[in-house]
Structure formats: C-alpha cells, structure tokens
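J.: You'll find coords.cif just under this line, and it carries mmCIF, C-alpha atoms.
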data_final
#
loop_
_atom_site.label_atom_id
_atom_site.label_comp_id
_atom_site.auth_asym_id
_atom_site.auth_seq_id
_atom_site.Cartn_x
_atom_site.Cartn_y
_atom_site.Cartn_z
CA MET U 1 14.47 -57.80 -64.01
CA PRO U 2 12.74 -60.49 -61.92
CA GLU U 3 8.97 -60.29 -61.59
CA THR U 4 7.24 -61.41 -58.40
CA ASP U 5 3.68 -62.43 -59.18
CA PHE U 6 0.82 -62.40 -56.63
CA THR U 7 -2.58 -64.04 -57.02
CA MET U 8 -5.09 -62.98 -54.39
CA ILE U 9 -8.44 -64.59 -53.50
CA ARG U 10 -11.00 -63.12 -51.13
CA HIS U 11 -12.63 -65.60 -48.74
CA GLY U 12 -16.04 -67.08 -49.52
CA GLN U 13 -19.35 -65.84 -48.20
CA THR U 14 -20.29 -66.06 -44.52
CA ALA U 15 -23.67 -65.82 -42.80
CA GLU U 16 -22.44 -62.55 -41.27
CA ASN U 17 -21.77 -61.16 -44.76
CA ILE U 18 -25.39 -61.73 -45.71
CA ALA U 19 -26.76 -60.56 -42.35
CA GLY U 20 -24.77 -57.33 -42.67
CA ARG U 21 -22.62 -57.78 -39.56
CA LEU U 22 -19.15 -56.29 -39.45
CA GLN U 23 -16.56 -59.03 -39.02
CA GLY U 24 -13.02 -57.72 -38.73
CA HIS U 25 -11.16 -60.18 -36.47
CA PHE U 26 -14.52 -61.70 -35.42
CA ASP U 27 -13.78 -65.33 -36.36
CA THR U 28 -16.62 -66.50 -38.60
CA GLU U 29 -16.98 -69.53 -40.88
CA LEU U 30 -18.11 -69.96 -44.48
CA ASP U 31 -21.78 -70.67 -45.04
CA GLU U 32 -23.00 -73.24 -47.59
CA THR U 33 -22.77 -70.73 -50.43
CA GLY U 34 -19.29 -69.72 -49.31
CA LEU U 35 -18.13 -73.34 -49.49
CA LEU U 36 -19.48 -73.66 -53.04
CA GLN U 37 -17.74 -70.42 -53.96
CA ALA U 38 -14.47 -71.66 -52.45
CA ARG U 39 -14.60 -74.86 -54.51
CA ALA U 40 -15.24 -72.80 -57.64
CA ALA U 41 -12.18 -70.66 -56.86
CA ALA U 42 -10.18 -73.86 -56.36
CA ARG U 43 -11.17 -75.09 -59.82
CA ARG U 44 -10.16 -71.71 -61.23
CA LEU U 45 -6.66 -72.23 -59.82
CA ALA U 46 -6.31 -75.88 -60.91
CA GLY U 47 -3.13 -76.41 -62.88
CA GLU U 48 -1.48 -73.18 -61.73
CA ARG U 49 1.93 -73.39 -60.11
CA PHE U 50 2.83 -71.39 -57.01
CA ASP U 51 6.04 -71.13 -55.03
CA ALA U 52 4.28 -70.06 -51.82
CA PHE U 53 0.74 -70.15 -50.43
CA TYR U 54 -0.39 -67.93 -47.54
CA SER U 55 -3.74 -67.34 -45.90
CA SER U 56 -5.13 -65.14 -43.18
CA ASP U 57 -5.42 -67.34 -40.11
CA LEU U 58 -9.09 -66.43 -39.56
CA LYS U 59 -11.48 -69.34 -40.15
CA ARG U 60 -13.34 -67.94 -43.16
CA ALA U 61 -10.05 -67.47 -45.02
CA MET U 62 -8.54 -70.78 -43.89
CA MET U 63 -11.67 -72.67 -44.98
CA THR U 64 -11.39 -71.04 -48.41
CA ALA U 65 -7.69 -71.85 -48.53
CA ALA U 66 -8.37 -75.48 -47.53
CA ALA U 67 -10.64 -75.94 -50.56
CA ILE U 68 -7.93 -74.49 -52.79
CA ALA U 69 -5.23 -76.62 -51.14
CA GLU U 70 -6.98 -79.83 -52.18
CA THR U 71 -6.85 -78.74 -55.81
CA ILE U 72 -3.35 -77.27 -56.11
CA GLY U 73 -1.62 -79.74 -53.78
CA MET U 74 -0.13 -77.15 -51.45
CA HIS U 75 -0.85 -76.40 -47.80
CA PRO U 76 -1.49 -72.75 -46.87
CA GLU U 77 0.75 -71.10 -44.32
CA PRO U 78 -1.37 -69.08 -41.84
CA LEU U 79 -0.28 -65.45 -41.67
CA LYS U 80 -1.70 -63.03 -39.09
CA GLU U 81 -0.62 -60.05 -41.16
CA LEU U 82 -3.27 -61.02 -43.75
CA ARG U 83 -6.11 -60.69 -41.23
CA GLU U 84 -8.93 -58.25 -41.84
CA TRP U 85 -8.83 -54.77 -40.32
CA HIS U 86 -9.14 -55.10 -36.53
CA LEU U 87 -12.32 -53.16 -35.82
CA GLY U 88 -12.37 -53.42 -32.04
CA ILE U 89 -15.75 -52.80 -30.39
CA LEU U 90 -17.49 -52.58 -33.78
CA GLU U 91 -16.94 -56.25 -34.57
CA GLY U 92 -19.98 -58.52 -34.73
CA ARG U 93 -22.45 -55.62 -34.76
CA PRO U 94 -25.01 -54.85 -37.50
CA CYS U 95 -23.69 -52.44 -40.11
CA ARG U 96 -26.97 -50.49 -40.16
CA GLU U 97 -26.35 -49.49 -36.53
CA LEU U 98 -22.69 -48.71 -37.12
CA TRP U 99 -23.46 -46.32 -40.00
CA GLU U 100 -25.41 -44.27 -37.47
CA GLU U 101 -22.85 -44.44 -34.65
CA TYR U 102 -19.50 -44.54 -36.48
CA PRO U 103 -20.01 -43.04 -39.96
CA GLU U 104 -16.36 -41.95 -40.26
CA ILE U 105 -15.12 -45.52 -39.76
CA MET U 106 -17.80 -47.09 -41.96
CA ASN U 107 -17.07 -44.64 -44.77
CA CYS U 108 -13.59 -46.18 -45.00
CA PHE U 109 -15.24 -49.15 -46.74
CA LYS U 110 -16.69 -46.94 -49.48
CA TYR U 111 -14.43 -43.92 -49.92
CA GLU U 112 -10.76 -43.04 -49.70
CA SER U 113 -10.09 -41.97 -46.12
CA GLY U 114 -7.34 -40.46 -44.05
CA GLU U 115 -6.43 -41.44 -40.52
CA VAL U 116 -9.37 -42.88 -38.57
CA SER U 117 -9.13 -44.31 -35.06
CA VAL U 118 -11.09 -47.42 -34.03
CA PRO U 119 -12.04 -47.97 -30.37
CA GLY U 120 -10.24 -51.12 -29.24
CA GLY U 121 -8.83 -51.84 -32.70
CA GLU U 122 -6.34 -50.65 -35.33
CA SER U 123 -6.38 -47.16 -36.74
CA HIS U 124 -6.79 -46.97 -40.52
CA ASN U 125 -3.14 -45.97 -40.94
CA GLU U 126 -1.96 -48.84 -38.72
CA PHE U 127 -3.97 -51.28 -40.81
CA ASP U 128 -2.62 -49.94 -44.12
CA ALA U 129 0.95 -50.07 -42.75
CA ARG U 130 0.46 -53.71 -41.67
CA VAL U 131 -0.75 -54.75 -45.11
CA ALA U 132 1.92 -52.78 -46.99
CA GLY U 133 4.67 -54.17 -44.78
CA CYS U 134 3.42 -57.71 -45.31
CA LEU U 135 3.37 -57.30 -49.09
CA GLU U 136 6.86 -55.87 -49.24
CA ARG U 137 8.28 -58.64 -47.03
CA LEU U 138 6.64 -61.36 -49.12
CA ALA U 139 7.88 -59.77 -52.35
CA GLU U 140 11.42 -59.73 -50.98
CA LYS U 141 11.21 -63.27 -49.61
CA HIS U 142 9.83 -64.73 -52.85
CA ASP U 143 11.67 -62.53 -55.33
CA GLY U 144 10.94 -63.76 -58.85
CA GLY U 145 8.38 -66.32 -57.63
CA ARG U 146 4.61 -66.81 -57.70
CA VAL U 147 2.68 -66.27 -54.48
CA LEU U 148 -0.95 -67.16 -53.69
CA LEU U 149 -2.79 -65.21 -50.98
CA VAL U 150 -6.23 -65.82 -49.43
CA THR U 151 -7.45 -62.85 -47.46
CA HIS U 152 -10.27 -60.33 -46.82
CA GLY U 153 -12.01 -57.45 -48.55
CA GLY U 154 -10.49 -54.76 -46.36
CA VAL U 155 -7.02 -56.15 -46.91
CA MET U 156 -7.60 -56.15 -50.65
CA ARG U 157 -8.66 -52.49 -50.61
CA SER U 158 -5.46 -51.72 -48.72
CA VAL U 159 -3.46 -53.72 -51.28
CA PHE U 160 -5.07 -51.74 -54.09
CA LYS U 161 -4.08 -48.48 -52.40
CA HIS U 162 -0.48 -49.68 -51.91
CA ILE U 163 0.08 -50.79 -55.49
CA VAL U 164 -2.07 -48.29 -57.44
CA GLY U 165 -2.46 -45.31 -55.13
CA PRO U 166 -5.40 -43.53 -53.46
CA VAL U 167 -8.77 -43.50 -55.20
CA ALA U 168 -10.04 -40.09 -56.30
CA ALA U 169 -12.38 -38.31 -53.88
CA THR U 170 -15.06 -38.33 -56.60
CA SER U 171 -15.00 -42.16 -56.87
CA LEU U 172 -15.95 -45.18 -54.80
CA LEU U 173 -13.35 -47.70 -53.69
CA PRO U 174 -12.97 -50.73 -56.01
CA LEU U 175 -15.51 -53.52 -55.77
CA ILE U 176 -14.37 -56.74 -54.06
CA SER U 177 -16.60 -59.81 -54.35
CA ASN U 178 -16.37 -62.99 -52.30
CA VAL U 179 -13.82 -65.43 -53.83
CA SER U 180 -12.86 -62.85 -56.45
CA TYR U 181 -9.59 -63.46 -58.28
CA SER U 182 -7.06 -60.61 -58.50
CA ARG U 183 -3.45 -60.47 -59.67
CA PHE U 184 -0.65 -57.98 -59.23
CA CYS U 185 3.12 -58.13 -59.52
CA LYS U 186 6.28 -56.35 -58.50
CA ARG U 187 8.81 -55.52 -61.21
CA GLY U 188 12.00 -54.23 -59.61
CA ASP U 189 10.80 -51.55 -57.20
CA ARG U 190 7.46 -50.95 -58.99
CA TRP U 191 4.09 -52.56 -58.39
CA GLN U 192 1.62 -53.25 -61.20
CA LEU U 193 -2.05 -54.27 -61.13
CA CYS U 194 -2.78 -57.08 -63.62
CA CYS U 195 -6.35 -58.22 -62.85
CA TRP U 196 -9.02 -57.18 -60.36
CA ASN U 197 -12.20 -58.73 -58.93
CA ASP U 198 -12.66 -61.43 -61.57
CA VAL U 199 -15.55 -63.75 -60.62
CA SER U 200 -15.99 -65.52 -63.97
CA HIS U 201 -15.42 -68.85 -62.15
CA LEU U 202 -18.84 -68.42 -60.46
CA LYS U 203 -20.92 -68.10 -63.61
CA ASP U 204 -21.71 -71.80 -64.10
CA ILE U 205 -22.34 -73.00 -60.54
CA GLY U 206 -25.66 -71.33 -59.74
CA VAL U 207 -24.17 -69.39 -56.83
CA ARG U 208 -24.67 -65.68 -56.42
CA GLU U 209 -21.83 -63.22 -56.70
CA SER U 210 -21.68 -61.45 -53.34
CA ALA U 211 -19.91 -58.15 -52.79
CA THR U 212 -20.25 -57.60 -49.04
CA PHE U 213 -18.45 -56.11 -46.05
#
For the file at hand, write its structure as structure tokens.
T.:
Amino acid sequence: MPETDFTMIRHGQTAENIAGRLQGHFDTELDETGLLQARAAARRLAGERFDAFYSSDLKRAMMTAAAIAETIGMHPEPLKELREWHLGILEGRPCRELWEEYPEIMNCFKYESGEVSVPGGESHNEFDARVAGCLERLAEKHDGGRVLLVTHGGVMRSVFKHIVGPVAATSLLPLISNVSYSRFCKRGDRWQLCCWNDVSHLKDIGVRESATF
C-alpha cells in the first residue's frame, strides 16, 4: 500500500502576529524574528527529499518558503488553496476588539466550532471544505510521494480536523507555533498524524517560540 507523506510548516512570525491583529488574507510580511525562524526551519529540512513543494501564495508564507527553497534546492509552487481562512471585514483589526464584536468567529481559533458565517469572507464550513479538498487532491496527485507544504495556523487546524477528527468540546484546539514542523500521511484511504507542532529547531537560535493567531 503506497504511503503519501506530508511535511507541513507554518509561516514565520509577523509584526501583526505580535501586535495581535487578525490576518486572514491580509497580506503581511515576516518580521526580523520571522526571518530567523524561517532560516531555522530551513536548516531543519536540510537533506530531506521531497517530490513536490507547495506554499500559500500570501507573502508571509512565500517568504518562509523562499528561505526553505534555498536549503532544499526546490522552488515552491504557490497555491491559493493553502491560504489562511478568508476573514472578510475582520482582517487587519485588533483581536481584542474582535473578541468583543465577533466572539463566535474568534472562538473558532480556540474551540471546535460548527458552521460560522464571516461578513465578506468564507464561512467556517467553506474554509474546512477548501482545505480538505486541497489535501485530497494533492494526495491523489502525488500518490506514494513526499510533499512539503508551507501554510498558516488556521489551515493547520483544519488539516488536523480532517485527518484526526473534531476536538472534544472539553478541550482546546491543538497548539500551532510559528514555523512549527508537523507530519502526516495517507495510507490507502486512511490519514494518520505522525508529528505535530515540533519547534525543536528553534531552541539554539535565541528566537522566541511564538504561538499566535
């Protein structure tokens, strides 16, 4: 039975992460710390072989992917389907304000949620369907291969839900740090989680681990 292996890296830190602004499709860039984190992730991947390399086409992901590309000798293919959740009129605004105005939407980042509509953006179900469809298409296209993805925290939570299932109502959603390393695979018609939110590659570079929106 062929196994299709996925390695997934979250983008590095942005100024908006630290300022507590919701990003979504808001096209931000890595800050200085984020660039250091991206280079650390690149060193983590040095020597690994991949058959395909995809990145969200948003700048913060593509900048992270560019640092990795220099190390592994592959160019990332931009993929819109790997973009963060489109959060419409909430994008670019301070999270502290949004918790007051849109608690149902903001709770989707902490707890398992059902269908939630977003003014001017994607509903929660539309977002999950986009991510799940992307994963299944990539698994079929690269059957038996190794695939590297650079994407966003919201996408990674959706990936977790697709391959593991919903998180219990009594628990928080899994932690996702900037430039964290995660792995999962598809064996036949079954998905399996292999590694989640590993940031051991940051321990020796004097750069904080950041787990942000």
J.: Can you list what the PyMOL selection byres ((chain U and resi 120) around 7) grabs from this structure, as a PDB file with C-alpha atoms, keeping the file's coordinate frame?
T.:
ATOM      1  CA  GLY U  88     -12.370 -53.420 -32.040  1.00  0.00           C
ATOM      2  CA  ILE U  89     -15.750 -52.800 -30.390  1.00  0.00           C
ATOM      3  CA  VAL U 118     -11.090 -47.420 -34.030  1.00  0.00           C
ATOM      4  CA  PRO U 119     -12.040 -47.970 -30.370  1.00  0.00           C
ATOM      5  CA  GLY U 121      -8.830 -51.840 -32.700  1.00  0.00           C
TER       6      GLY U 121
END
J.: Find the residues around segment 104-111 of chain U up to 9 Å (all atoms listed in the file counted), leave out those fewer than 4 positions away in its own chain, and share them as an mmCIF file with C-alpha atoms, in the frame of the given file.
T.:
data_model
loop_
_atom_site.group_PDB
_atom_site.id
_atom_site.type_symbol
_atom_site.label_atom_id
_atom_site.label_comp_id
_atom_site.auth_asym_id
_atom_site.auth_seq_id
_atom_site.Cartn_x
_atom_site.Cartn_y
_atom_site.Cartn_z
ATOM 1 C CA CYS U 95 -23.690 -52.440 -40.110
ATOM 2 C CA LEU U 98 -22.690 -48.710 -37.120
ATOM 3 C CA TRP U 99 -23.460 -46.320 -40.000
ATOM 4 C CA VAL U 116 -9.370 -42.880 -38.570
ATOM 5 C CA SER U 117 -9.130 -44.310 -35.060
ATOM 6 C CA VAL U 118 -11.090 -47.420 -34.030
ATOM 7 C CA HIS U 124 -6.790 -46.970 -40.520
ATOM 8 C CA GLY U 154 -10.490 -54.760 -46.360
ATOM 9 C CA ARG U 157 -8.660 -52.490 -50.610
ATOM 10 C CA VAL U 167 -8.770 -43.500 -55.200
ATOM 11 C CA ALA U 168 -10.040 -40.090 -56.300
ATOM 12 C CA ALA U 169 -12.380 -38.310 -53.880
ATOM 13 C CA THR U 170 -15.060 -38.330 -56.600
ATOM 14 C CA SER U 171 -15.000 -42.160 -56.870
ATOM 15 C CA LEU U 172 -15.950 -45.180 -54.800
ATOM 16 C CA LEU U 173 -13.350 -47.700 -53.690
ATOM 17 C CA PRO U 174 -12.970 -50.730 -56.010
ATOM 18 C CA PHE U 213 -18.450 -56.110 -46.050
#
J.: Would you pick out the contacts of segment 141-150 of chain U at 7 Å or less, using all atoms listed in the file, so that residues sharing its chain but fewer than 5 positions from it are not included, and give the list as a PDB file with C-alpha atoms, in the frame of the given file?
T.:
ATOM      1  CA  PRO U   2      12.740 -60.490 -61.920  1.00  0.00           C
ATOM      2  CA  GLU U   3       8.970 -60.290 -61.590  1.00  0.00           C
ATOM      3  CA  THR U   4       7.240 -61.410 -58.400  1.00  0.00           C
ATOM      4  CA  ASP U   5       3.680 -62.430 -59.180  1.00  0.00           C
ATOM      5  CA  PHE U   6       0.820 -62.400 -56.630  1.00  0.00           C
ATOM      6  CA  THR U   7      -2.580 -64.040 -57.020  1.00  0.00           C
ATOM      7  CA  MET U   8      -5.090 -62.980 -54.390  1.00  0.00           C
ATOM      8  CA  ILE U   9      -8.440 -64.590 -53.500  1.00  0.00           C
ATOM      9  CA  ARG U  10     -11.000 -63.120 -51.130  1.00  0.00           C
ATOM     10  CA  HIS U  11     -12.630 -65.600 -48.740  1.00  0.00           C
ATOM     11  CA  PHE U  50       2.830 -71.390 -57.010  1.00  0.00           C
ATOM     12  CA  ASP U  51       6.040 -71.130 -55.030  1.00  0.00           C
ATOM     13  CA  ALA U  52       4.280 -70.060 -51.820  1.00  0.00           C
ATOM     14  CA  PHE U  53       0.740 -70.150 -50.430  1.00  0.00           C
ATOM     15  CA  TYR U  54      -0.390 -67.930 -47.540  1.00  0.00           C
ATOM     16  CA  SER U  55      -3.740 -67.340 -45.900  1.00  0.00           C
ATOM     17  CA  SER U  56      -5.130 -65.140 -43.180  1.00  0.00           C
ATOM     18  CA  ALA U  61     -10.050 -67.470 -45.020  1.00  0.00           C
ATOM     19  CA  ALA U  65      -7.690 -71.850 -48.530  1.00  0.00           C
TER      20      ALA U  65
END
J.: For atom CA of Leu202 of chain U and atom CA of Glu112 of chain U, quote the distance in Å rounded to one decimal.
T.: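 Atom CA of Glu112 of chain U lies 28.7 Å from atom CA of Leu202 of chain U.
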J.: From the set U:Ser123, U:Thr71, U:Ser158, U:Asn178, which residue has the shortest atom-to-atom contact distance to Gly12 of chain U, counting only C-alpha atoms?
T.: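 Closest candidate: U:Asn178.
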J.: Please write the residues picked by the PyMOL selection byres ((chain U and resi 127) around 10) on this file as a PDB file with C-alpha atoms, in the frame of the given file.
T.:
ATOM      1  CA  GLU U  81      -0.620 -60.050 -41.160  1.00  0.00           C
ATOM      2  CA  ARG U  83      -6.110 -60.690 -41.230  1.00  0.00           C
ATOM      3  CA  GLU U  84      -8.930 -58.250 -41.840  1.00  0.00           C
ATOM      4  CA  TRP U  85      -8.830 -54.770 -40.320  1.00  0.00           C
ATOM      5  CA  HIS U  86      -9.140 -55.100 -36.530  1.00  0.00           C
ATOM      6  CA  LEU U  87     -12.320 -53.160 -35.820  1.00  0.00           C
ATOM      7  CA  GLY U 121      -8.830 -51.840 -32.700  1.00  0.00           C
ATOM      8  CA  GLU U 122      -6.340 -50.650 -35.330  1.00  0.00           C
ATOM      9  CA  SER U 123      -6.380 -47.160 -36.740  1.00  0.00           C
ATOM     10  CA  HIS U 124      -6.790 -46.970 -40.520  1.00  0.00           C
ATOM     11  CA  ASN U 125      -3.140 -45.970 -40.940  1.00  0.00           C
ATOM     12  CA  GLU U 126      -1.960 -48.840 -38.720  1.00  0.00           C
ATOM     13  CA  ASP U 128      -2.620 -49.940 -44.120  1.00  0.00           C
ATOM     14  CA  ALA U 129       0.950 -50.070 -42.750  1.00  0.00           C
ATOM     15  CA  ARG U 130       0.460 -53.710 -41.670  1.00  0.00           C
ATOM     16  CA  VAL U 131      -0.750 -54.750 -45.110  1.00  0.00           C
ATOM     17  CA  ALA U 132       1.920 -52.780 -46.990  1.00  0.00           C
ATOM     18  CA  GLY U 133       4.670 -54.170 -44.780  1.00  0.00           C
ATOM     19  CA  GLY U 154     -10.490 -54.760 -46.360  1.00  0.00           C
ATOM     20  CA  VAL U 155      -7.020 -56.150 -46.910  1.00  0.00           C
ATOM     21  CA  SER U 158      -5.460 -51.720 -48.720  1.00  0.00           C
TER      22      SER U 158
END
J.: Interatomic distance between atom CA of Gly47 of chain U and atom CA of Arg190 of chain U?
T.: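 Separating atom CA of Gly47 of chain U from atom CA of Arg190 of chain U is a distance of 27.8 Å.
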J.: From the list U:Ile163, U:Leu175, U:Gln13, U:Gly188, which residue is nearest Glu140 of chain U when using all atoms listed in the file?
T.: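 Counting all atoms listed in the file, the residue closest to Glu140 of chain U is U:Gly188.
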J.: Could you check how far atom CA of Tyr102 of chain U sits from atom CA of Asp31 of chain U, in Å to one decimal?
T.: 27.6 Å
J.: Evaluate the PyMOL selection byres ((chain U and resi 14-17) around 10) and record the selected residues as a ChimeraX atom specification, following the chain and residue labels used in the document.
T.: /U:11-13,18-23,26,28-35,60,92-94,178,210-213
J.: Using only C-alpha atoms for the distances, tell me which of U:Ser177, U:Glu136, U:Val159, U:Gly73 is nearest to Asp189 of chain U.
T.: U:Glu136
J.: Would you please work out which residue, of U:Glu91, U:Gly24, U:Val199, U:Met156, is nearest to Ala38 of chain U when using all atoms listed in the file?
T.: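 Closest candidate: U:Val199.
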